[in-house]
Amino acid sequence: HNAGDEDTVVQLEVLSWSQQAGKDVYGPTREILATPPIFKLAPGATQVVRIGLRRPPDPRGELAYRLFLQEVPPAPKQGFEGLRVTLRMGIPVFVMPPVAAAASLLWSAVRTPQGQVSLSANNGGNAHIQIMNIGVSLSGKELGKLTEPSYVLAGQSRSWPPLPVNAPPGSVLRVVSHTDAGDLSADVVVEEREGKVPGR
(Lines give C-alpha, C1' and ligand atoms only; values in the text may rest on other atoms or scores of the structure.)
Protein backbone atom coordinates (compact mmCIF):
# COMPACT_ATOMS: atom_id res chain seq x y z
CA HIS A 1 0.00 0.00 0.00
CA ASN A 2 1.30 3.45 -0.95
CA ALA A 3 0.56 5.82 1.92
CA GLY A 4 2.55 8.64 0.29
CA ASP A 5 1.40 11.44 -1.95
CA GLU A 6 3.47 10.49 -5.02
CA ASP A 7 3.57 7.56 -7.44
CA THR A 8 6.13 4.93 -6.48
CA VAL A 9 7.65 2.09 -8.50
CA VAL A 10 8.54 -1.14 -6.68
CA GLN A 11 10.75 -3.96 -7.98
CA LEU A 12 10.72 -7.51 -6.55
CA GLU A 13 13.68 -9.83 -6.03
CA VAL A 14 13.54 -13.30 -4.48
CA LEU A 15 16.76 -14.79 -3.07
CA SER A 16 17.67 -18.06 -1.40
CA TRP A 17 18.44 -17.66 2.30
CA SER A 18 20.99 -19.57 4.34
CA GLN A 19 23.35 -18.86 7.23
CA GLN A 20 27.10 -19.40 7.12
CA ALA A 21 29.64 -18.60 9.83
CA GLY A 22 26.75 -17.23 11.89
CA LYS A 23 25.68 -14.66 9.27
CA ASP A 24 22.81 -14.41 6.78
CA VAL A 25 23.78 -15.32 3.21
CA TYR A 26 21.57 -14.61 0.16
CA GLY A 27 21.91 -15.97 -3.35
CA PRO A 28 20.05 -16.14 -6.65
CA THR A 29 17.32 -18.73 -7.00
CA ARG A 30 14.77 -19.90 -9.57
CA GLU A 31 12.81 -21.93 -7.02
CA ILE A 32 10.43 -19.08 -6.10
CA LEU A 33 8.41 -16.91 -8.48
CA ALA A 34 6.99 -13.54 -7.36
CA THR A 35 4.67 -11.56 -9.59
CA PRO A 36 4.37 -8.87 -10.75
CA PRO A 37 8.17 -8.41 -10.77
CA ILE A 38 7.80 -4.63 -11.04
CA PHE A 39 4.78 -2.39 -10.54
CA LYS A 40 3.73 1.22 -10.04
CA LEU A 41 1.62 2.32 -7.07
CA ALA A 42 -0.40 5.52 -7.19
CA PRO A 43 -0.99 7.39 -3.92
CA GLY A 44 -3.44 5.41 -1.82
CA ALA A 45 -3.27 2.35 -4.10
CA THR A 46 -2.67 -1.27 -3.04
CA GLN A 47 -0.89 -4.03 -4.96
CA VAL A 48 -1.22 -7.76 -4.27
CA VAL A 49 1.99 -9.76 -4.79
CA ARG A 50 1.65 -13.48 -5.50
CA ILE A 51 4.41 -15.93 -4.61
CA GLY A 52 4.70 -19.43 -6.07
CA LEU A 53 7.03 -22.36 -5.40
CA ARG A 54 8.54 -23.85 -8.56
CA ARG A 55 9.81 -27.03 -6.89
CA PRO A 56 8.37 -29.62 -4.49
CA PRO A 57 8.73 -28.89 -0.76
CA ASP A 58 11.71 -30.55 0.89
CA PRO A 59 10.48 -33.84 2.38
CA ARG A 60 12.51 -33.42 5.58
CA GLY A 61 12.98 -29.73 6.38
CA GLU A 62 11.84 -26.19 5.84
CA LEU A 63 13.00 -24.11 2.86
CA ALA A 64 13.88 -20.45 3.43
CA TYR A 65 13.86 -17.48 1.03
CA ARG A 66 13.69 -13.70 1.24
CA LEU A 67 11.45 -11.51 -0.90
CA PHE A 68 13.00 -8.06 -1.26
CA LEU A 69 10.85 -5.10 -2.27
CA GLN A 70 12.99 -2.27 -3.63
CA GLU A 71 11.62 1.18 -4.33
CA VAL A 72 12.90 2.49 -7.66
CA PRO A 73 13.77 6.19 -7.28
CA PRO A 74 12.20 8.52 -9.84
CA ALA A 75 14.23 10.98 -11.84
CA PRO A 76 14.88 14.08 -9.71
CA LYS A 77 12.69 17.07 -10.40
CA GLN A 78 14.30 20.13 -11.89
CA GLY A 79 16.02 22.13 -9.21
CA PHE A 80 15.94 19.32 -6.63
CA GLU A 81 18.80 19.39 -4.15
CA GLY A 82 19.37 17.00 -1.29
CA LEU A 83 19.14 13.29 -0.58
CA ARG A 84 16.22 11.03 -1.49
CA VAL A 85 15.77 7.93 0.66
CA THR A 86 14.35 4.81 -1.00
CA LEU A 87 12.80 1.81 0.72
CA ARG A 88 14.23 -1.73 0.62
CA MET A 89 12.36 -4.29 2.68
CA GLY A 90 13.04 -8.02 3.07
CA ILE A 91 10.14 -10.37 3.85
CA PRO A 92 10.86 -13.95 4.97
CA VAL A 93 9.28 -16.74 2.89
CA PHE A 94 9.23 -20.20 4.47
CA VAL A 95 8.05 -23.44 2.84
CA MET A 96 7.13 -26.06 5.42
CA PRO A 97 7.95 -29.76 4.87
CA PRO A 98 5.15 -32.35 4.70
CA VAL A 99 6.26 -33.76 8.09
CA ALA A 100 6.05 -32.28 11.59
CA ALA A 101 8.50 -29.36 11.88
CA ALA A 102 10.02 -27.63 14.90
CA ALA A 103 13.20 -25.81 15.89
CA SER A 104 15.76 -27.22 18.36
CA LEU A 105 18.35 -24.78 19.70
CA LEU A 106 21.83 -25.64 20.93
CA TRP A 107 23.72 -22.70 22.50
CA SER A 108 27.44 -21.98 22.83
CA ALA A 109 29.30 -19.24 24.67
CA VAL A 110 32.86 -18.33 23.74
CA ARG A 111 35.15 -16.00 25.67
CA THR A 112 36.96 -13.65 23.29
CA PRO A 113 40.59 -12.49 23.71
CA GLN A 114 39.16 -9.12 24.79
CA GLY A 115 37.37 -10.76 27.72
CA GLN A 116 33.90 -10.52 26.20
CA VAL A 117 31.42 -13.36 25.65
CA SER A 118 30.09 -14.25 22.20
CA LEU A 119 26.87 -16.27 21.96
CA SER A 120 25.91 -18.58 19.11
CA ALA A 121 22.88 -20.78 18.54
CA ASN A 122 22.68 -23.84 16.32
CA ASN A 123 19.24 -24.95 15.18
CA GLY A 124 19.27 -28.73 14.87
CA GLY A 125 15.55 -28.83 14.05
CA ASN A 126 13.80 -28.79 10.69
CA ALA A 127 12.05 -25.40 11.04
CA HIS A 128 13.19 -21.82 11.72
CA ILE A 129 12.84 -19.94 14.98
CA GLN A 130 12.69 -16.17 15.48
CA ILE A 131 14.45 -14.81 18.55
CA MET A 132 13.22 -11.40 19.68
CA ASN A 133 15.71 -10.84 22.51
CA ILE A 134 18.19 -12.71 24.69
CA GLY A 135 18.96 -12.19 28.37
CA VAL A 136 22.21 -13.44 29.92
CA SER A 137 22.72 -13.90 33.67
CA LEU A 138 25.30 -15.46 35.98
CA SER A 139 24.35 -16.77 39.45
CA GLY A 140 21.06 -14.91 39.25
CA LYS A 141 22.63 -11.56 38.29
CA GLU A 142 21.75 -10.17 34.87
CA LEU A 143 24.87 -9.45 32.83
CA GLY A 144 23.43 -8.15 29.57
CA LYS A 145 20.73 -8.35 26.94
CA LEU A 146 20.70 -8.66 23.15
CA THR A 147 17.64 -6.95 21.66
CA GLU A 148 18.07 -7.28 17.88
CA PRO A 149 15.43 -9.72 16.48
CA SER A 150 17.06 -12.55 14.56
CA TYR A 151 16.11 -15.75 12.77
CA VAL A 152 17.94 -19.06 13.17
CA LEU A 153 17.10 -21.16 10.13
CA ALA A 154 16.54 -24.91 10.10
CA GLY A 155 19.86 -26.78 10.29
CA GLN A 156 21.78 -23.47 10.47
CA SER A 157 23.54 -21.37 13.11
CA ARG A 158 23.53 -17.73 14.14
CA SER A 159 26.00 -15.59 16.11
CA TRP A 160 25.49 -12.33 18.00
CA PRO A 161 27.88 -9.45 18.73
CA PRO A 162 30.02 -10.07 21.85
CA LEU A 163 28.66 -8.93 25.20
CA PRO A 164 31.01 -6.99 27.52
CA VAL A 165 30.37 -9.32 30.47
CA ASN A 166 32.71 -10.66 33.13
CA ALA A 167 32.37 -14.42 32.73
CA PRO A 168 35.60 -16.45 32.99
CA PRO A 169 35.96 -19.80 31.23
CA GLY A 170 34.07 -22.57 33.01
CA SER A 171 31.39 -20.29 34.42
CA VAL A 172 27.77 -21.23 33.67
CA LEU A 173 25.57 -18.61 32.06
CA ARG A 174 21.81 -18.69 32.13
CA VAL A 175 20.56 -17.75 28.66
CA VAL A 176 16.86 -16.88 28.33
CA SER A 177 15.57 -16.23 24.82
CA HIS A 178 12.14 -14.81 23.96
CA THR A 179 11.06 -16.46 20.69
CA ASP A 180 8.04 -16.97 18.48
CA ALA A 181 7.90 -20.49 19.98
CA GLY A 182 7.77 -19.17 23.55
CA ASP A 183 10.41 -18.41 26.16
CA LEU A 184 13.38 -20.81 26.15
CA SER A 185 16.20 -21.13 28.67
CA ALA A 186 19.55 -22.90 28.69
CA ASP A 187 22.58 -23.25 30.96
CA VAL A 188 25.66 -22.58 28.84
CA VAL A 189 29.29 -23.16 29.91
CA VAL A 190 31.68 -20.42 28.82
CA GLU A 191 34.51 -21.83 26.71
CA GLU A 192 37.75 -20.36 25.41
CA ARG A 193 36.84 -22.11 22.16
CA GLU A 194 33.51 -23.18 20.71
CA GLY A 195 31.51 -25.38 23.06
CA LYS A 196 27.81 -26.27 22.99
CA VAL A 197 25.32 -27.13 25.66
CA PRO A 198 21.77 -28.27 24.88
CA GLY A 199 18.94 -25.85 25.65
CA ARG A 200 16.28 -26.85 28.14
# chains A, B, ... in the order shown; residues from 1 in each chain; ligands from 1

$ residues_around --residues "range 134-140 of chain A" --least-positions-apart "6" --cutoff "12 Å" --atoms "only C-alpha atoms" --output "PyMOL selection string"
chain A and resi 107+109+117-121+146-150+159-168+170-179+183-190

$ write_last_selection --atoms "N, CA, C and O atoms" --output "short mmCIF file (atom, residue, chain, number, x, y, z; two decimals), in the first residue's frame"
data_model
loop_
_atom_site.label_atom_id
_atom_site.label_comp_id
_atom_site.auth_asym_id
_atom_site.auth_seq_id
_atom_site.Cartn_x
_atom_site.Cartn_y
_atom_site.Cartn_z
N TRP A 107 23.00 -23.95 22.28
CA TRP A 107 23.72 -22.70 22.50
C TRP A 107 25.20 -22.95 22.77
O TRP A 107 25.58 -23.99 23.32
N ALA A 109 28.78 -20.52 24.18
CA ALA A 109 29.30 -19.24 24.67
C ALA A 109 30.82 -19.29 24.62
O ALA A 109 31.43 -20.20 25.19
N VAL A 117 32.05 -12.06 25.89
CA VAL A 117 31.42 -13.36 25.65
C VAL A 117 30.57 -13.27 24.39
O VAL A 117 29.72 -12.40 24.26
N SER A 118 30.83 -14.19 23.45
CA SER A 118 30.09 -14.25 22.20
C SER A 118 29.15 -15.45 22.23
O SER A 118 29.58 -16.57 22.49
N LEU A 119 27.86 -15.21 21.98
CA LEU A 119 26.87 -16.27 21.96
C LEU A 119 26.56 -16.71 20.54
O LEU A 119 26.50 -15.89 19.62
N SER A 120 26.36 -18.01 20.38
CA SER A 120 25.91 -18.58 19.11
C SER A 120 24.83 -19.60 19.40
O SER A 120 24.81 -20.21 20.47
N ALA A 121 23.93 -19.78 18.43
CA ALA A 121 22.88 -20.78 18.54
C ALA A 121 22.85 -21.61 17.28
O ALA A 121 22.86 -21.06 16.17
N LEU A 146 20.62 -8.89 24.59
CA LEU A 146 20.70 -8.66 23.15
C LEU A 146 19.28 -8.45 22.65
O LEU A 146 18.41 -9.32 22.86
N THR A 147 19.02 -7.33 21.98
CA THR A 147 17.64 -6.95 21.66
C THR A 147 17.35 -6.92 20.16
O THR A 147 16.24 -6.56 19.78
N GLU A 148 18.31 -7.29 19.32
CA GLU A 148 18.07 -7.28 17.88
C GLU A 148 17.37 -8.57 17.45
O GLU A 148 17.90 -9.66 17.62
N PRO A 149 16.13 -8.49 16.92
CA PRO A 149 15.43 -9.72 16.48
C PRO A 149 16.23 -10.43 15.40
O PRO A 149 16.78 -9.81 14.51
N SER A 150 16.27 -11.75 15.50
CA SER A 150 17.06 -12.55 14.56
C SER A 150 16.36 -13.88 14.31
O SER A 150 15.66 -14.40 15.17
N SER A 159 25.16 -16.18 15.07
CA SER A 159 26.00 -15.59 16.11
C SER A 159 25.55 -14.17 16.39
O SER A 159 24.97 -13.49 15.52
N TRP A 160 25.85 -13.68 17.60
CA TRP A 160 25.49 -12.33 18.00
C TRP A 160 26.76 -11.56 18.39
O TRP A 160 27.77 -12.17 18.74
N PRO A 161 26.71 -10.24 18.33
CA PRO A 161 27.88 -9.45 18.73
C PRO A 161 28.27 -9.75 20.18
O PRO A 161 27.41 -10.02 21.02
N PRO A 162 29.58 -9.74 20.50
CA PRO A 162 30.02 -10.07 21.85
C PRO A 162 29.42 -9.13 22.90
O PRO A 162 29.22 -7.94 22.65
N LEU A 163 29.15 -9.70 24.06
CA LEU A 163 28.66 -8.93 25.20
C LEU A 163 29.83 -8.60 26.12
O LEU A 163 30.65 -9.47 26.43
N PRO A 164 29.93 -7.34 26.59
CA PRO A 164 31.01 -6.99 27.52
C PRO A 164 30.67 -7.45 28.93
O PRO A 164 30.35 -6.65 29.82
N VAL A 165 30.73 -8.76 29.16
CA VAL A 165 30.37 -9.32 30.47
C VAL A 165 31.58 -10.00 31.09
O VAL A 165 32.47 -10.51 30.39
N ASN A 166 31.61 -10.02 32.41
CA ASN A 166 32.71 -10.66 33.13
C ASN A 166 32.31 -12.10 33.45
O ASN A 166 31.63 -12.37 34.43
N ALA A 167 32.72 -13.01 32.57
CA ALA A 167 32.37 -14.42 32.73
C ALA A 167 33.58 -15.25 32.35
O ALA A 167 33.83 -15.51 31.17
N PRO A 168 34.39 -15.69 33.31
CA PRO A 168 35.60 -16.45 32.99
C PRO A 168 35.25 -17.83 32.45
O PRO A 168 34.14 -18.33 32.62
N GLY A 170 34.57 -21.61 32.04
CA GLY A 170 34.07 -22.57 33.01
C GLY A 170 32.85 -22.09 33.77
O GLY A 170 32.16 -22.90 34.38
N SER A 171 32.59 -20.78 33.75
CA SER A 171 31.39 -20.29 34.42
C SER A 171 30.16 -20.67 33.60
O SER A 171 30.22 -20.87 32.39
N VAL A 172 29.02 -20.79 34.30
CA VAL A 172 27.77 -21.23 33.67
C VAL A 172 26.82 -20.06 33.55
O VAL A 172 26.39 -19.49 34.56
N LEU A 173 26.50 -19.69 32.32
CA LEU A 173 25.57 -18.61 32.06
C LEU A 173 24.16 -19.15 31.92
O LEU A 173 23.95 -20.25 31.38
N ARG A 174 23.22 -18.39 32.39
CA ARG A 174 21.81 -18.69 32.13
C ARG A 174 21.38 -17.82 30.96
O ARG A 174 21.43 -16.58 31.03
N VAL A 175 20.98 -18.46 29.87
CA VAL A 175 20.56 -17.75 28.66
C VAL A 175 19.05 -17.95 28.49
O VAL A 175 18.59 -19.09 28.36
N VAL A 176 18.31 -16.85 28.51
CA VAL A 176 16.86 -16.88 28.33
C VAL A 176 16.54 -16.14 27.05
O VAL A 176 16.87 -14.96 26.89
N SER A 177 15.91 -16.84 26.11
CA SER A 177 15.57 -16.23 24.82
C SER A 177 14.05 -16.17 24.68
O SER A 177 13.35 -17.15 24.96
N HIS A 178 13.56 -15.01 24.23
CA HIS A 178 12.14 -14.81 23.96
C HIS A 178 11.94 -15.02 22.46
O HIS A 178 12.49 -14.28 21.65
N THR A 179 11.18 -16.05 22.09
CA THR A 179 11.06 -16.46 20.69
C THR A 179 9.60 -16.57 20.28
O THR A 179 8.69 -16.51 21.11
N ASP A 183 9.17 -18.70 25.46
CA ASP A 183 10.41 -18.41 26.16
C ASP A 183 11.20 -19.70 26.35
O ASP A 183 10.66 -20.73 26.79
N LEU A 184 12.50 -19.66 26.03
CA LEU A 184 13.38 -20.81 26.15
C LEU A 184 14.56 -20.44 27.03
O LEU A 184 15.04 -19.30 27.00
N SER A 185 15.05 -21.39 27.81
CA SER A 185 16.20 -21.13 28.67
C SER A 185 17.22 -22.25 28.54
O SER A 185 16.87 -23.40 28.22
N ALA A 186 18.47 -21.92 28.79
CA ALA A 186 19.55 -22.90 28.69
C ALA A 186 20.68 -22.50 29.63
O ALA A 186 20.93 -21.30 29.83
N ASP A 187 21.35 -23.48 30.23
CA ASP A 187 22.58 -23.25 30.96
C ASP A 187 23.74 -23.51 30.01
O ASP A 187 23.84 -24.60 29.43
N VAL A 188 24.61 -22.52 29.85
CA VAL A 188 25.66 -22.58 28.84
C VAL A 188 27.01 -22.35 29.51
O VAL A 188 27.21 -21.33 30.18
N VAL A 189 27.94 -23.28 29.34
CA VAL A 189 29.29 -23.16 29.91
C VAL A 189 30.14 -22.28 29.00
O VAL A 189 30.20 -22.49 27.78
N VAL A 190 30.81 -21.30 29.58
CA VAL A 190 31.68 -20.42 28.82
C VAL A 190 32.97 -21.15 28.48
O VAL A 190 33.64 -21.71 29.35
#

$ residues_around --residues "range 89-100 of chain A" --least-positions-apart "2" --cutoff "8 Å" --atoms "only C-alpha atoms" --output "number ranges by chain"
A: 57-70, 87, 102, 127

$ atom_distance --atom1 "CA of Ile51 in chain A" --atom2 "CA of Gln20 in chain A"
25.8 Å

$ residues_around --residues "Asp180 in chain A" --least-positions-apart "2" --cutoff "8 Å" --atoms "only C-alpha atoms" --output "PDB file with all heavy atoms, in the first residue's frame"
ATOM      1  N   ILE A 129      13.337 -20.572  13.772  1.00  0.00           N
ATOM      2  CA  ILE A 129      12.842 -19.943  14.984  1.00  0.00           C
ATOM      3  C   ILE A 129      13.253 -18.480  14.944  1.00  0.00           C
ATOM      4  O   ILE A 129      14.334 -18.143  14.446  1.00  0.00           O
ATOM      5  CB  ILE A 129      13.390 -20.651  16.246  1.00  0.00           C
ATOM      6  CG1 ILE A 129      12.672 -20.144  17.506  1.00  0.00           C
ATOM      7  CG2 ILE A 129      14.897 -20.469  16.374  1.00  0.00           C
ATOM      8  CD1 ILE A 129      12.962 -20.988  18.736  1.00  0.00           C
ATOM      9  N   GLN A 130      12.373 -17.600  15.404  1.00  0.00           N
ATOM     10  CA  GLN A 130      12.689 -16.174  15.478  1.00  0.00           C
ATOM     11  C   GLN A 130      12.921 -15.803  16.931  1.00  0.00           C
ATOM     12  O   GLN A 130      12.069 -16.051  17.791  1.00  0.00           O
ATOM     13  CB  GLN A 130      11.576 -15.314  14.892  1.00  0.00           C
ATOM     14  CG  GLN A 130      11.945 -13.825  14.849  1.00  0.00           C
ATOM     15  CD  GLN A 130      10.834 -12.947  14.303  1.00  0.00           C
ATOM     16  OE1 GLN A 130       9.668 -13.320  14.340  1.00  0.00           O
ATOM     17  NE2 GLN A 130      11.194 -11.780  13.803  1.00  0.00           N
ATOM     18  N   ILE A 131      14.089 -15.225  17.201  1.00  0.00           N
ATOM     19  CA  ILE A 131      14.454 -14.813  18.553  1.00  0.00           C
ATOM     20  C   ILE A 131      14.325 -13.296  18.641  1.00  0.00           C
ATOM     21  O   ILE A 131      14.988 -12.561  17.905  1.00  0.00           O
ATOM     22  CB  ILE A 131      15.881 -15.260  18.899  1.00  0.00           C
ATOM     23  CG1 ILE A 131      15.984 -16.782  18.817  1.00  0.00           C
ATOM     24  CG2 ILE A 131      16.290 -14.763  20.282  1.00  0.00           C
ATOM     25  CD1 ILE A 131      17.382 -17.320  19.044  1.00  0.00           C
ATOM     26  N   MET A 132      13.435 -12.831  19.530  1.00  0.00           N
ATOM     27  CA  MET A 132      13.224 -11.399  19.678  1.00  0.00           C
ATOM     28  C   MET A 132      14.292 -10.733  20.543  1.00  0.00           C
ATOM     29  O   MET A 132      14.790  -9.663  20.236  1.00  0.00           O
ATOM     30  CB  MET A 132      11.829 -11.133  20.258  1.00  0.00           C
ATOM     31  CG  MET A 132      10.748 -11.003  19.190  1.00  0.00           C
ATOM     32  SD  MET A 132      10.487 -12.516  18.240  1.00  0.00           S
ATOM     33  CE  MET A 132       9.443 -13.439  19.370  1.00  0.00           C
ATOM     34  N   HIS A 178      13.563 -15.007  24.233  1.00  0.00           N
ATOM     35  CA  HIS A 178      12.142 -14.814  23.955  1.00  0.00           C
ATOM     36  C   HIS A 178      11.940 -15.023  22.456  1.00  0.00           C
ATOM     37  O   HIS A 178      12.495 -14.279  21.645  1.00  0.00           O
ATOM     38  CB  HIS A 178      11.705 -13.423  24.392  1.00  0.00           C
ATOM     39  CG  HIS A 178      11.930 -13.167  25.852  1.00  0.00           C
ATOM     40  ND1 HIS A 178      11.098 -13.646  26.832  1.00  0.00           N
ATOM     41  CD2 HIS A 178      12.923 -12.504  26.496  1.00  0.00           C
ATOM     42  CE1 HIS A 178      11.549 -13.280  28.027  1.00  0.00           C
ATOM     43  NE2 HIS A 178      12.661 -12.589  27.849  1.00  0.00           N
ATOM     44  N   GLY A 182       7.838 -19.293  22.102  1.00  0.00           N
ATOM     45  CA  GLY A 182       7.767 -19.170  23.549  1.00  0.00           C
ATOM     46  C   GLY A 182       9.126 -18.852  24.152  1.00  0.00           C
ATOM     47  O   GLY A 182      10.134 -18.745  23.446  1.00  0.00           O
TER      48      GLY A 182
END

$ atom_distance --atom1 "CA of Leu106 in chain A" --atom2 "CA of Tyr26 in chain A"
23.5 Å

$ closest_residue --among "A:Lys141, A:Ala154, A:Ser108, A:Thr46" --to "Asn123 in chain A" --atoms "only C-alpha atoms"
A:Ala154

$ select_by_dssp --residues "range 42-133 of chain A" --states "strand (DSSP E or B)" --output "VMD selection string"
chain A and resid 50 to 53 63 to 72 88 to 95 105 to 111 117 to 123 129 to 133

$ atom_distance --atom1 "CA of Trp17 in chain A" --atom2 "CA of Leu153 in chain A"
8.7 Å

$ residues_around --residues "Thr8 in chain A" --least-positions-apart "6" --cutoff "10 Å" --atoms "only C-alpha atoms" --output "list in words"
Asn2, Phe39, Lys40, Leu41, Ala42, Pro43, Glu71, Val72, Pro73, Pro74 and Thr86 of chain A

$ write_last_selection --atoms "N, CA, C and O atoms" --output "mmCIF file, in the first residue's frame"
data_model
loop_
_atom_site.group_PDB
_atom_site.id
_atom_site.type_symbol
_atom_site.label_atom_id
_atom_site.label_comp_id
_atom_site.auth_asym_id
_atom_site.auth_seq_id
_atom_site.Cartn_x
_atom_site.Cartn_y
_atom_site.Cartn_z
ATOM 1 N N ASN A 2 0.545 2.203 -0.864
ATOM 2 C CA ASN A 2 1.303 3.446 -0.952
ATOM 3 C C ASN A 2 0.592 4.505 -0.125
ATOM 4 O O ASN A 2 -0.441 5.036 -0.519
ATOM 5 N N PHE A 39 6.099 -3.005 -10.430
ATOM 6 C CA PHE A 39 4.777 -2.386 -10.537
ATOM 7 C C PHE A 39 4.837 -0.952 -10.020
ATOM 8 O O PHE A 39 5.730 -0.578 -9.254
ATOM 9 N N LYS A 40 3.853 -0.167 -10.480
ATOM 10 C CA LYS A 40 3.726 1.221 -10.037
ATOM 11 C C LYS A 40 2.521 1.338 -9.108
ATOM 12 O O LYS A 40 1.458 0.767 -9.376
ATOM 13 N N LEU A 41 2.696 2.074 -8.020
ATOM 14 C CA LEU A 41 1.619 2.317 -7.065
ATOM 15 C C LEU A 41 1.303 3.804 -7.038
ATOM 16 O O LEU A 41 2.161 4.637 -6.724
ATOM 17 N N ALA A 42 0.056 4.143 -7.332
ATOM 18 C CA ALA A 42 -0.399 5.516 -7.193
ATOM 19 C C ALA A 42 -0.646 5.815 -5.712
ATOM 20 O O ALA A 42 -0.784 4.880 -4.906
ATOM 21 N N PRO A 43 -0.681 7.071 -5.314
ATOM 22 C CA PRO A 43 -0.985 7.392 -3.917
ATOM 23 C C PRO A 43 -2.300 6.761 -3.470
ATOM 24 O O PRO A 43 -3.314 6.840 -4.160
ATOM 25 N N GLU A 71 12.206 0.009 -3.693
ATOM 26 C CA GLU A 71 11.616 1.183 -4.329
ATOM 27 C C GLU A 71 12.580 1.734 -5.380
ATOM 28 O O GLU A 71 13.778 1.914 -5.108
ATOM 29 N N VAL A 72 12.082 1.944 -6.583
ATOM 30 C CA VAL A 72 12.899 2.489 -7.664
ATOM 31 C C VAL A 72 12.776 4.002 -7.628
ATOM 32 O O VAL A 72 11.681 4.547 -7.802
ATOM 33 N N PRO A 73 13.870 4.730 -7.403
ATOM 34 C CA PRO A 73 13.769 6.186 -7.281
ATOM 35 C C PRO A 73 13.426 6.835 -8.610
ATOM 36 O O PRO A 73 13.968 6.448 -9.655
ATOM 37 N N PRO A 74 12.519 7.807 -8.600
ATOM 38 C CA PRO A 74 12.202 8.518 -9.841
ATOM 39 C C PRO A 74 13.317 9.486 -10.210
ATOM 40 O O PRO A 74 14.203 9.786 -9.395
ATOM 41 N N THR A 86 15.235 5.806 -0.410
ATOM 42 C CA THR A 86 14.347 4.807 -0.997
ATOM 43 C C THR A 86 14.225 3.612 -0.059
ATOM 44 O O THR A 86 15.130 3.311 0.718
#

$ closest_residue --among "A:Gln47, A:Gln114, A:Asn126, A:Ser157" --to "Gln19 in chain A" --atoms "only C-alpha atoms"
A:Ser157

$ closest_residue --among "A:Val110, A:Ala101, A:Leu33, A:Val152" --to "Pro169 in chain A" --atoms "only C-alpha atoms"
A:Val110
